[in-house]
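Coordinates from protein.cif are shown below (mmCIF, C-alpha atoms).
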```cif
data_data
#
loop_
_atom_site.label_atom_id
_atom_site.label_comp_id
_atom_site.auth_asym_id
_atom_site.auth_seq_id
_atom_site.Cartn_x
_atom_site.Cartn_y
_atom_site.Cartn_z
CA MET D 1 0.00 0.00 0.00
CA LYS D 2 1.40 3.39 -1.01
CA ILE D 3 1.38 5.82 1.93
CA PRO D 4 1.14 9.51 0.94
CA LEU D 5 3.70 11.99 2.20
CA ASN D 6 2.60 14.42 4.87
CA ASP D 7 2.96 18.17 4.37
CA PHE D 8 6.28 18.41 6.24
CA GLN D 9 7.81 15.57 4.22
CA ARG D 10 6.59 17.04 0.96
CA ARG D 11 7.88 20.52 1.76
CA TYR D 12 11.25 19.14 2.85
CA ALA D 13 11.62 17.08 -0.32
CA GLN D 14 10.91 20.12 -2.47
CA HIS D 15 13.32 22.17 -0.32
CA ARG D 16 16.03 19.58 -1.02
CA ILE D 17 15.32 19.73 -4.74
CA THR D 18 15.52 23.52 -4.78
CA PHE D 19 18.49 24.25 -2.53
CA PHE D 20 20.65 21.10 -2.33
CA THR D 21 23.03 20.12 -5.11
CA ASP D 22 23.12 16.37 -4.47
CA VAL D 23 19.61 15.58 -5.71
CA LEU D 24 19.75 16.90 -9.28
CA SER D 25 22.27 17.45 -12.03
CA LEU D 26 22.19 20.84 -13.76
CA GLU D 27 20.34 19.50 -16.81
CA LEU D 28 17.75 17.73 -14.66
CA ALA D 29 17.25 20.87 -12.56
CA GLU D 30 16.64 22.84 -15.78
CA SER D 31 14.21 20.18 -16.98
CA LEU D 32 12.19 20.45 -13.75
CA ARG D 33 12.16 24.23 -14.07
CA ARG D 34 10.71 23.81 -17.57
CA THR D 35 8.12 21.42 -16.15
CA SER D 36 7.07 23.79 -13.39
CA LEU D 37 6.92 26.79 -15.72
CA ALA D 38 4.86 24.86 -18.29
CA CYS D 39 2.47 23.73 -15.54
CA ALA D 40 2.03 27.34 -14.39
CA GLU D 41 1.44 28.67 -17.90
CA ASN D 42 -1.07 25.90 -18.58
CA GLN D 43 -2.91 26.36 -15.25
CA LYS D 44 -1.75 23.07 -13.71
CA LYS D 45 -1.37 23.27 -9.96
CA GLN D 46 0.90 20.24 -9.57
CA ALA D 47 3.33 18.38 -11.81
CA GLY D 48 2.78 14.64 -12.26
CA ILE D 49 4.73 11.86 -13.95
CA ILE D 50 3.60 12.76 -17.48
CA ASP D 51 4.40 16.42 -16.85
CA VAL D 52 7.95 15.53 -15.81
CA LEU D 53 8.41 13.38 -18.91
CA CYS D 54 7.22 16.31 -21.04
CA GLY D 55 9.78 18.49 -19.24
CA LEU D 56 12.52 16.00 -20.09
CA PHE D 57 11.43 16.18 -23.73
CA LEU D 58 11.49 19.99 -23.68
CA GLN D 59 15.00 19.85 -22.23
CA ASP D 60 16.47 17.37 -24.73
CA ARG D 61 13.98 16.06 -27.28
CA GLU D 62 16.49 13.98 -29.27
CA GLU D 63 17.76 12.09 -26.22
CA ILE D 64 14.33 11.40 -24.73
CA THR D 65 12.78 10.41 -28.09
CA ARG D 66 15.40 7.64 -28.40
CA HIS D 67 13.96 5.84 -25.39
CA PHE D 68 10.25 5.74 -26.26
CA ARG D 69 7.91 4.58 -28.98
CA GLY D 70 4.99 6.88 -29.62
CA ASP D 71 4.42 10.49 -30.54
CA LEU D 72 6.10 12.35 -27.70
CA ALA D 73 5.70 15.70 -29.44
CA ALA D 74 1.93 15.17 -29.61
CA VAL D 75 1.79 14.20 -25.93
CA VAL D 76 3.68 17.37 -25.00
CA SER D 77 1.38 19.53 -27.14
CA GLN D 78 -1.71 17.94 -25.61
CA ASN D 79 -0.39 18.12 -22.06
CA PHE D 80 1.21 21.57 -22.39
CA PRO D 81 -0.51 23.57 -25.17
CA VAL D 82 1.75 26.46 -24.14
CA HIS D 83 5.39 25.35 -24.25
CA ARG D 84 8.76 26.46 -25.60
CA PHE D 85 12.05 24.77 -26.38
CA GLY D 86 15.52 26.20 -25.85
CA ARG D 87 16.42 28.99 -23.46
CA GLU D 88 13.01 30.59 -23.90
CA GLY D 89 11.46 27.56 -22.20
CA LEU D 90 13.19 28.59 -18.97
CA VAL D 91 11.77 32.13 -18.99
CA PRO D 92 8.10 32.96 -18.34
CA LYS D 93 6.22 34.02 -21.45
CA ALA D 94 5.04 37.19 -19.67
CA MET D 95 8.66 38.22 -19.12
CA LEU D 96 9.56 37.56 -22.75
CA GLU D 97 6.61 39.65 -23.90
CA GLY D 98 7.51 42.41 -21.41
CA LEU D 99 11.08 42.54 -22.64
CA ALA D 100 9.79 42.83 -26.21
CA SER D 101 7.42 45.68 -25.31
CA GLU D 102 8.30 49.33 -25.19
CA SER D 103 8.19 49.47 -21.40
CA GLY D 104 10.40 46.43 -20.97
CA GLU D 105 8.69 45.68 -17.66
CA SER D 106 6.98 42.47 -16.58
CA SER D 107 6.46 40.21 -13.59
CA PHE D 108 5.57 36.55 -13.28
CA SER D 109 6.02 34.03 -10.51
CA PHE D 110 5.41 30.28 -10.34
CA SER D 111 5.81 27.63 -7.68
CA LEU D 112 7.61 24.28 -7.74
CA ASN D 113 4.91 21.79 -6.81
CA TYR D 114 5.45 18.10 -7.52
CA SER D 115 3.22 15.13 -6.78
CA ASP D 116 4.34 12.44 -4.33
CA ASP D 117 4.99 10.11 -7.27
CA VAL D 118 7.29 12.67 -8.89
CA LEU D 119 9.25 13.07 -5.64
CA ARG D 120 9.61 9.29 -5.37
CA LEU D 121 10.69 9.17 -9.02
CA LEU D 122 13.39 11.81 -8.48
CA TRP D 123 14.78 10.01 -5.43
CA LEU D 124 14.75 6.69 -7.27
CA GLY D 125 16.63 8.29 -10.18
CA GLN D 126 19.10 9.71 -7.68
CA LYS D 127 19.60 6.26 -6.14
CA LEU D 128 20.32 4.69 -9.52
CA ALA D 129 22.81 7.44 -10.37
CA ASN D 130 24.49 7.38 -6.94
CA ALA D 131 25.04 3.63 -7.28
CA VAL D 132 27.50 4.30 -10.12
CA GLY D 133 28.98 7.44 -8.57
CA LYS D 134 27.21 10.30 -10.33
CA LYS D 135 24.37 12.79 -10.04
CA PRO D 136 21.05 11.85 -11.66
CA SER D 137 20.69 12.78 -15.32
CA LEU D 138 17.69 12.85 -17.64
CA THR D 139 18.24 9.20 -18.58
CA ASP D 140 18.40 8.14 -14.92
CA VAL D 141 14.87 9.48 -14.52
CA VAL D 142 13.79 7.58 -17.64
CA ALA D 143 15.29 4.41 -16.18
CA ALA D 144 13.59 5.04 -12.83
CA VAL D 145 10.18 5.34 -14.52
CA ALA D 146 10.64 1.85 -15.96
CA LEU D 147 10.96 0.35 -12.46
CA ASN D 148 7.39 1.22 -11.47
CA ARG D 149 4.43 -0.55 -13.08
CA GLU D 150 1.94 2.23 -12.30
CA TRP D 151 4.15 4.87 -13.89
CA MET D 152 4.67 2.73 -16.99
CA ASP D 153 0.91 2.16 -17.24
CA GLU D 154 0.37 5.92 -17.08
CA LEU D 155 2.77 6.41 -19.98
CA SER D 156 1.09 3.58 -21.88
CA ARG D 157 -2.29 5.30 -21.60
CA CYS D 158 -0.69 8.26 -23.36
CA GLY D 159 0.53 6.00 -26.18
CA LEU D 160 4.14 5.81 -24.97
CA THR D 161 6.08 2.58 -24.54
CA PRO D 162 9.81 1.85 -24.11
CA SER D 163 11.75 1.64 -27.36
CA ARG D 164 13.63 -1.41 -26.06
CA LYS D 165 12.59 -4.68 -24.50
CA LEU D 166 12.77 -4.44 -20.71
CA ALA D 167 13.69 -7.37 -18.51
CA ASP D 168 10.79 -8.51 -16.33
CA PHE D 169 11.54 -11.13 -13.69
CA ASP D 170 7.88 -11.80 -12.89
CA GLN D 171 6.95 -12.37 -16.54
CA GLU D 172 10.13 -14.13 -17.64
CA VAL D 173 10.85 -16.32 -14.62
CA ARG D 174 8.05 -16.35 -12.05
CA ALA D 175 5.43 -17.00 -14.76
CA VAL D 176 7.22 -20.15 -15.98
CA VAL D 177 5.31 -23.30 -14.97
CA PHE D 178 7.48 -25.84 -16.80
CA HIS D 179 10.82 -25.87 -18.61
CA ALA D 180 12.59 -28.70 -20.42
CA THR D 181 15.58 -29.11 -22.73
CA PRO D 182 14.84 -32.22 -24.81
CA HIS D 183 17.29 -33.80 -27.26
CA THR D 184 16.99 -36.64 -29.73
CA GLY D 185 19.61 -38.89 -28.18
CA LYS D 186 18.47 -42.36 -27.12
CA ASP D 187 19.09 -41.69 -23.43
CA TRP D 188 16.76 -38.66 -23.39
CA PRO D 189 13.06 -39.17 -22.65
CA ARG D 190 10.67 -38.96 -25.60
CA GLU D 191 7.73 -37.93 -23.41
CA ILE D 192 7.81 -35.28 -20.68
CA ASP D 193 4.92 -34.67 -18.29
CA PHE D 194 4.59 -32.19 -15.47
CA GLU D 195 2.03 -31.38 -12.81
CA LEU D 196 0.58 -27.92 -12.33
CA ASP D 197 0.42 -26.21 -9.00
CA GLU D 198 -3.16 -25.58 -7.87
CA GLY D 199 -2.52 -21.84 -7.84
CA ILE D 200 -1.64 -21.74 -11.55
CA ARG D 201 -4.53 -21.30 -13.95
CA SER D 202 -4.87 -21.52 -17.73
CA PRO D 203 -4.66 -20.33 -20.44
CA TYR D 204 -0.96 -20.98 -20.93
CA ARG D 205 1.49 -19.70 -23.51
CA LEU D 206 3.99 -22.03 -25.15
CA GLU D 207 7.45 -20.87 -26.19
CA VAL D 208 9.83 -23.16 -28.08
CA SER D 209 13.24 -22.44 -29.55
CA THR D 210 15.73 -24.65 -31.36
CA PRO D 211 19.27 -24.60 -29.95
CA SER D 212 22.43 -23.47 -31.64
CA GLY D 213 25.87 -24.99 -31.25
CA PRO D 214 26.89 -28.68 -31.39
CA PHE D 215 23.62 -30.07 -29.99
CA GLN D 216 21.18 -31.94 -32.18
CA PRO D 217 17.83 -30.11 -32.00
CA VAL D 218 14.41 -31.67 -31.74
CA ARG D 219 13.00 -31.94 -35.27
CA SER D 220 9.35 -32.33 -34.35
CA ALA D 221 7.12 -32.68 -31.31
CA ARG D 222 3.46 -32.81 -30.38
CA VAL D 223 2.19 -30.69 -27.52
CA LYS D 224 -1.21 -30.56 -25.83
CA LEU D 225 -1.83 -27.00 -24.67
CA ASN D 226 -4.77 -25.70 -22.58
CA GLY D 227 -6.31 -29.14 -22.45
CA ASN D 228 -7.69 -29.35 -25.98
CA GLU D 229 -5.14 -27.99 -28.42
CA SER D 230 -2.86 -30.52 -30.11
CA LEU D 231 0.09 -28.78 -31.77
CA THR D 232 2.85 -30.23 -33.91
CA PHE D 233 6.23 -28.51 -33.84
CA HIS D 234 8.47 -28.48 -36.91
CA GLY D 235 11.90 -26.93 -36.71
CA ARG D 236 15.44 -27.11 -37.97
CA LYS D 237 18.67 -26.07 -36.33
CA ASN D 238 19.10 -22.27 -36.00
CA GLN D 239 15.62 -21.62 -37.38
CA LEU D 240 12.51 -20.37 -35.65
CA PRO D 241 9.90 -23.08 -34.98
CA SER D 242 6.62 -23.39 -36.79
CA TRP D 243 3.38 -24.96 -35.59
CA THR D 244 0.56 -26.80 -37.30
#
```
Turn the structure described in the file into structure tokens.
Amino acid sequence: MKIPLNDFQRRYAQHRITFFTDVLSLELAESLRRTSLACAENQKKQAGIIDVLCGLFLQDREEITRHFRGDLAAVVSQNFPVHRFGREGLVPKAMLEGLASESGESSFSFSLNYSDDVLRLLWLGQKLANAVGKKPSLTDVVAAVALNREWMDELSRCGLTPSRKLADFDQEVRAVVFHATPHTGKDWPREIDFELDEGIRSPYRLEVSTPSGPFQPVRSARVKLNGNESLTFHGRKNQLPSWT
């Protein structure tokens, strides 16, 4: 269960972000400034996970685009209709307009207000960076997002997914109910059965690959999957399997 921060914890975390140099690198601090300014100019009271990702994109669009599939530019435009790249993105629009006017006078203030999830994200990015002896960068925050299922789901709802395959222990190891490495030698069993734990329920997914190297691969096999599907495997060495 996720316990929300109290007001003192939240204020202290934002104080650390603003006045301490160990939490953020310069580029990440600039990115958060962009995020906060964009939130203020678009009448958002608090920055969330998507807002921070948009701020990363405004800071370095080429770098952040490399790590996601989806239309990041469209997400930024939808989330922040008013936004600017470059140095202008660090200066309030009212100030830019004031400097361009004859009077040259303007005033604009905005607060740094981040959700609890954003604060947790920043500290997680800091932890990842500190582990290898550096301050957190933009990519450390991207990596930290990938470690939280809820944050990744939030990005997915906006049409954004990682550009690379991410390791997932639960899906790749804990979800395995049976594994075997059969060969065609006479001493290897031709039939392999296994019993399911009562807590494991169908339907099941079958994955088969033919080995490389000096081993003789299985040429064909019949598999009963989900109780009523009889599949025949056909494969040759170093080729993907096919099923009929």
Answer key for the PyMOL selection byres ((chain D and resi 137) around 8), residues as a PyMOL selection string: chain D and resi 24-25+27-28+125+129+135-136+138-141
Can you translate the PyMOL selection byres ((chain D and resi 61-69) around 9) into the concrete residues it hits in this file, as a ChimeraX atom specification? /D:53,56-60,70-73,85,138-139,142,159-164
What does the distance from atom CA of Leu122 of chain D to atom CA of Glu154 of chain D come to in Å, to one decimal? 16.7 Å
Atom CA of Val173 of chain D to atom CA of Gly199 of chain D, straight-line distance in Å: 16.0 Å
I would like the residues chosen by the PyMOL selection byres ((chain D and resi 11-19) around 8) on the shown file; could you give them as a VMD selection string? chain D and resid 7 to 10 20 to 21 23 to 24 112 to 114 119
Between atom CA of Asp197 of chain D and atom CA of Gln171 of chain D, what is the distance in Å, rounded to a tenth?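 Taking atom CA of Asp197 of chain D and atom CA of Gln171 of chain D, their separation equals 17.1 Å.
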Select all residues near (5.9, -8.0, -13.4) (cut-off 12 Å, inclusive, file coordinates), counting all atoms listed in the file, and output them as a PyMOL selection string. chain D and resi 146-150+152-153+166-175
